[in-house]
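Trainee: Structure incoming, see below.
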Amino acid sequence: MATESSATAPSAPAVPPVDVVMSEVIASLALAAHAYLNPAQTPEEAVPDLAAAEIAIDVAAKAFERISPRLGSGERSAMASMLTDLRFSYVKKRGT
């Protein structure tokens with residue numbers, strides 16, 4: 001009776017490092033926050049969703065806080081700058 005060799009069995013996909021996964025999550029949240037702050041309508045009709053933007057920014061910031069020690073200095077600096085820019089945009093749209 002022939003048995004299948006373990007060499008022919010499919011291997012499980014490699015799980016990416018958590019810093020890679022979280023960097024993608026942070027970038028996705030940042031893009032979402034930007035979209036909430038800048039709806040793709042004409043300027044007269046555009047009403048930013050400040051509540052949704054605030055949630056996306058807060059979650060991205062918390063994720064960044066947790067993952068930043070695992071990032072290289074360049075990536076850490078770029079993400080910090082991106083979050084700062086989003087916060088400034090949020091405050092500007094909020095009007096305070």
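Each chain in the structure tokens gets a letter, A, B and so on, in the order shown; residues start at 1 in every chain, and ligands are counted from 1 in the order they appear.
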Identify all residues of chain A in helix (DSSP H, G or I) (DSSP on the backbone) and supply them as a ChimeraX atom specification.
Mentor: /A:18-37,50-70,73-94
Trainee: With a distance cut-off of 12 Å and only C-alpha atoms, select the neighbouring residues of Lys92 (chain A), excluding the residue or stretch itself and same-chain residues fewer than 6 positions from it, and output the selection as a PDB file with C-alpha atoms, in the first residue's frame.
Mentor:
ATOM      1  CA  LEU A  37     -12.184  63.807   5.922  1.00  0.00           C
ATOM      2  CA  ASN A  38     -12.213  64.465   2.169  1.00  0.00           C
ATOM      3  CA  PRO A  48     -16.635  65.144   6.089  1.00  0.00           C
ATOM      4  CA  LEU A  50     -15.674  63.558  11.410  1.00  0.00           C
ATOM      5  CA  ASP A  85      -0.808  65.145   9.217  1.00  0.00           C
ATOM      6  CA  LEU A  86      -4.110  63.297   9.642  1.00  0.00           C
TER       7      LEU A  86
END
Trainee: Go through A:Arg66, A:Ser77, A:Ala60, A:Phe88 and flag the residue nearest Ala27 (chain A), using only C-alpha atoms for the distances.
Mentor: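 Of all the options, A:Ala60 lies closest to Ala27 (chain A).
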Trainee: Do you know which residues are at most 12 Å from region 29-36 of chain A counting only C-alpha atoms, after dropping those on the same chain fewer than 6 positions away, and could you put them as a PDB file with N, CA and C atoms, in the first residue's frame?
Mentor:
ATOM      1  N   MET A  22       0.604  44.920  10.929  1.00  0.00           N
ATOM      2  CA  MET A  22       0.106  46.125  11.585  1.00  0.00           C
ATOM      3  C   MET A  22       0.421  47.377  10.775  1.00  0.00           C
ATOM      4  N   SER A  23       1.536  47.401  10.081  1.00  0.00           N
ATOM      5  CA  SER A  23       1.836  48.545   9.214  1.00  0.00           C
ATOM      6  C   SER A  23       0.782  48.676   8.123  1.00  0.00           C
ATOM      7  N   ALA A  46     -19.465  68.334  -0.254  1.00  0.00           N
ATOM      8  CA  ALA A  46     -18.605  67.514   0.590  1.00  0.00           C
ATOM      9  C   ALA A  46     -18.841  67.811   2.068  1.00  0.00           C
ATOM     10  N   VAL A  47     -19.242  66.798   2.783  1.00  0.00           N
ATOM     11  CA  VAL A  47     -19.412  66.899   4.223  1.00  0.00           C
ATOM     12  C   VAL A  47     -18.564  65.796   4.837  1.00  0.00           C
ATOM     13  N   PRO A  48     -17.486  66.178   5.512  1.00  0.00           N
ATOM     14  CA  PRO A  48     -16.635  65.144   6.089  1.00  0.00           C
ATOM     15  C   PRO A  48     -17.349  64.380   7.199  1.00  0.00           C
ATOM     16  N   ASP A  49     -17.048  63.113   7.310  1.00  0.00           N
ATOM     17  CA  ASP A  49     -17.581  62.279   8.390  1.00  0.00           C
ATOM     18  C   ASP A  49     -16.554  62.317   9.518  1.00  0.00           C
ATOM     19  N   LEU A  50     -16.665  63.339  10.357  1.00  0.00           N
ATOM     20  CA  LEU A  50     -15.674  63.558  11.410  1.00  0.00           C
ATOM     21  C   LEU A  50     -15.655  62.442  12.445  1.00  0.00           C
ATOM     22  N   ALA A  51     -16.814  61.890  12.763  1.00  0.00           N
ATOM     23  CA  ALA A  51     -16.863  60.806  13.749  1.00  0.00           C
ATOM     24  C   ALA A  51     -16.117  59.578  13.248  1.00  0.00           C
ATOM     25  N   ALA A  52     -16.340  59.213  11.997  1.00  0.00           N
ATOM     26  CA  ALA A  52     -15.652  58.050  11.422  1.00  0.00           C
ATOM     27  C   ALA A  52     -14.151  58.315  11.297  1.00  0.00           C
ATOM     28  N   ALA A  53     -13.795  59.527  10.891  1.00  0.00           N
ATOM     29  CA  ALA A  53     -12.376  59.880  10.777  1.00  0.00           C
ATOM     30  C   ALA A  53     -11.693  59.808  12.128  1.00  0.00           C
ATOM     31  N   GLU A  54     -12.368  60.293  13.160  1.00  0.00           N
ATOM     32  CA  GLU A  54     -11.790  60.269  14.508  1.00  0.00           C
ATOM     33  C   GLU A  54     -11.523  58.840  14.973  1.00  0.00           C
ATOM     34  N   ILE A  55     -12.481  57.955  14.721  1.00  0.00           N
ATOM     35  CA  ILE A  55     -12.299  56.548  15.111  1.00  0.00           C
ATOM     36  C   ILE A  55     -11.113  55.944  14.365  1.00  0.00           C
ATOM     37  N   ALA A  56     -11.048  56.145  13.055  1.00  0.00           N
ATOM     38  CA  ALA A  56      -9.961  55.573  12.260  1.00  0.00           C
ATOM     39  C   ALA A  56      -8.605  56.118  12.721  1.00  0.00           C
ATOM     40  N   ILE A  57      -8.538  57.414  12.996  1.00  0.00           N
ATOM     41  CA  ILE A  57      -7.275  58.018  13.452  1.00  0.00           C
ATOM     42  C   ILE A  57      -6.897  57.474  14.822  1.00  0.00           C
ATOM     43  N   ASP A  58      -7.860  57.394  15.735  1.00  0.00           N
ATOM     44  CA  ASP A  58      -7.565  56.895  17.086  1.00  0.00           C
ATOM     45  C   ASP A  58      -7.079  55.450  17.076  1.00  0.00           C
ATOM     46  N   VAL A  59      -7.738  54.609  16.273  1.00  0.00           N
ATOM     47  CA  VAL A  59      -7.332  53.196  16.212  1.00  0.00           C
ATOM     48  C   VAL A  59      -5.952  53.073  15.559  1.00  0.00           C
ATOM     49  N   ALA A  60      -5.708  53.834  14.487  1.00  0.00           N
ATOM     50  CA  ALA A  60      -4.393  53.812  13.837  1.00  0.00           C
ATOM     51  C   ALA A  60      -3.312  54.286  14.803  1.00  0.00           C
ATOM     52  N   ALA A  61      -3.610  55.319  15.574  1.00  0.00           N
ATOM     53  CA  ALA A  61      -2.626  55.844  16.531  1.00  0.00           C
ATOM     54  C   ALA A  61      -2.311  54.828  17.622  1.00  0.00           C
ATOM     55  N   LYS A  62      -3.326  54.148  18.118  1.00  0.00           N
ATOM     56  CA  LYS A  62      -3.101  53.132  19.152  1.00  0.00           C
ATOM     57  C   LYS A  62      -2.304  51.959  18.593  1.00  0.00           C
ATOM     58  N   ALA A  63      -2.631  51.534  17.391  1.00  0.00           N
ATOM     59  CA  ALA A  63      -1.875  50.447  16.758  1.00  0.00           C
ATOM     60  C   ALA A  63      -0.418  50.873  16.555  1.00  0.00           C
ATOM     61  N   PHE A  64      -0.219  52.107  16.116  1.00  0.00           N
ATOM     62  CA  PHE A  64       1.137  52.627  15.930  1.00  0.00           C
ATOM     63  C   PHE A  64       1.886  52.661  17.255  1.00  0.00           C
ATOM     64  N   MET A  79       5.404  56.924   9.561  1.00  0.00           N
ATOM     65  CA  MET A  79       4.067  56.692  10.113  1.00  0.00           C
ATOM     66  C   MET A  79       3.679  57.782  11.100  1.00  0.00           C
ATOM     67  N   ALA A  80       4.631  58.203  11.924  1.00  0.00           N
ATOM     68  CA  ALA A  80       4.348  59.278  12.880  1.00  0.00           C
ATOM     69  C   ALA A  80       3.965  60.551  12.140  1.00  0.00           C
ATOM     70  N   SER A  81       4.673  60.849  11.067  1.00  0.00           N
ATOM     71  CA  SER A  81       4.383  62.033  10.265  1.00  0.00           C
ATOM     72  C   SER A  81       3.004  61.923   9.621  1.00  0.00           C
ATOM     73  N   MET A  82       2.671  60.748   9.098  1.00  0.00           N
ATOM     74  CA  MET A  82       1.376  60.518   8.470  1.00  0.00           C
ATOM     75  C   MET A  82       0.253  60.728   9.479  1.00  0.00           C
ATOM     76  N   LEU A  83       0.414  60.196  10.690  1.00  0.00           N
ATOM     77  CA  LEU A  83      -0.618  60.350  11.714  1.00  0.00           C
ATOM     78  C   LEU A  83      -0.740  61.802  12.164  1.00  0.00           C
ATOM     79  N   THR A  84       0.376  62.491  12.265  1.00  0.00           N
ATOM     80  CA  THR A  84       0.350  63.914  12.635  1.00  0.00           C
ATOM     81  C   THR A  84      -0.397  64.717  11.574  1.00  0.00           C
ATOM     82  N   ASP A  85      -0.108  64.454  10.308  1.00  0.00           N
ATOM     83  CA  ASP A  85      -0.808  65.145   9.217  1.00  0.00           C
ATOM     84  C   ASP A  85      -2.312  64.880   9.264  1.00  0.00           C
ATOM     85  N   LEU A  86      -2.685  63.631   9.538  1.00  0.00           N
ATOM     86  CA  LEU A  86      -4.110  63.297   9.642  1.00  0.00           C
ATOM     87  C   LEU A  86      -4.771  64.039  10.794  1.00  0.00           C
ATOM     88  N   ARG A  87      -4.078  64.095  11.917  1.00  0.00           N
ATOM     89  CA  ARG A  87      -4.636  64.817  13.071  1.00  0.00           C
ATOM     90  C   ARG A  87      -4.834  66.293  12.755  1.00  0.00           C
ATOM     91  N   PHE A  88      -3.855  66.901  12.088  1.00  0.00           N
ATOM     92  CA  PHE A  88      -3.990  68.309  11.695  1.00  0.00           C
ATOM     93  C   PHE A  88      -5.162  68.498  10.739  1.00  0.00           C
ATOM     94  N   SER A  89      -5.313  67.595   9.786  1.00  0.00           N
ATOM     95  CA  SER A  89      -6.438  67.674   8.848  1.00  0.00           C
ATOM     96  C   SER A  89      -7.762  67.555   9.591  1.00  0.00           C
ATOM     97  N   TYR A  90      -7.807  66.647  10.546  1.00  0.00           N
ATOM     98  CA  TYR A  90      -9.028  66.449  11.331  1.00  0.00           C
ATOM     99  C   TYR A  90      -9.385  67.733  12.080  1.00  0.00           C
ATOM    100  N   LYS A  93     -10.651  70.409   9.697  1.00  0.00           N
ATOM    101  CA  LYS A  93     -12.020  70.133   9.237  1.00  0.00           C
ATOM    102  C   LYS A  93     -13.037  70.347  10.353  1.00  0.00           C
TER     103      LYS A  93
END
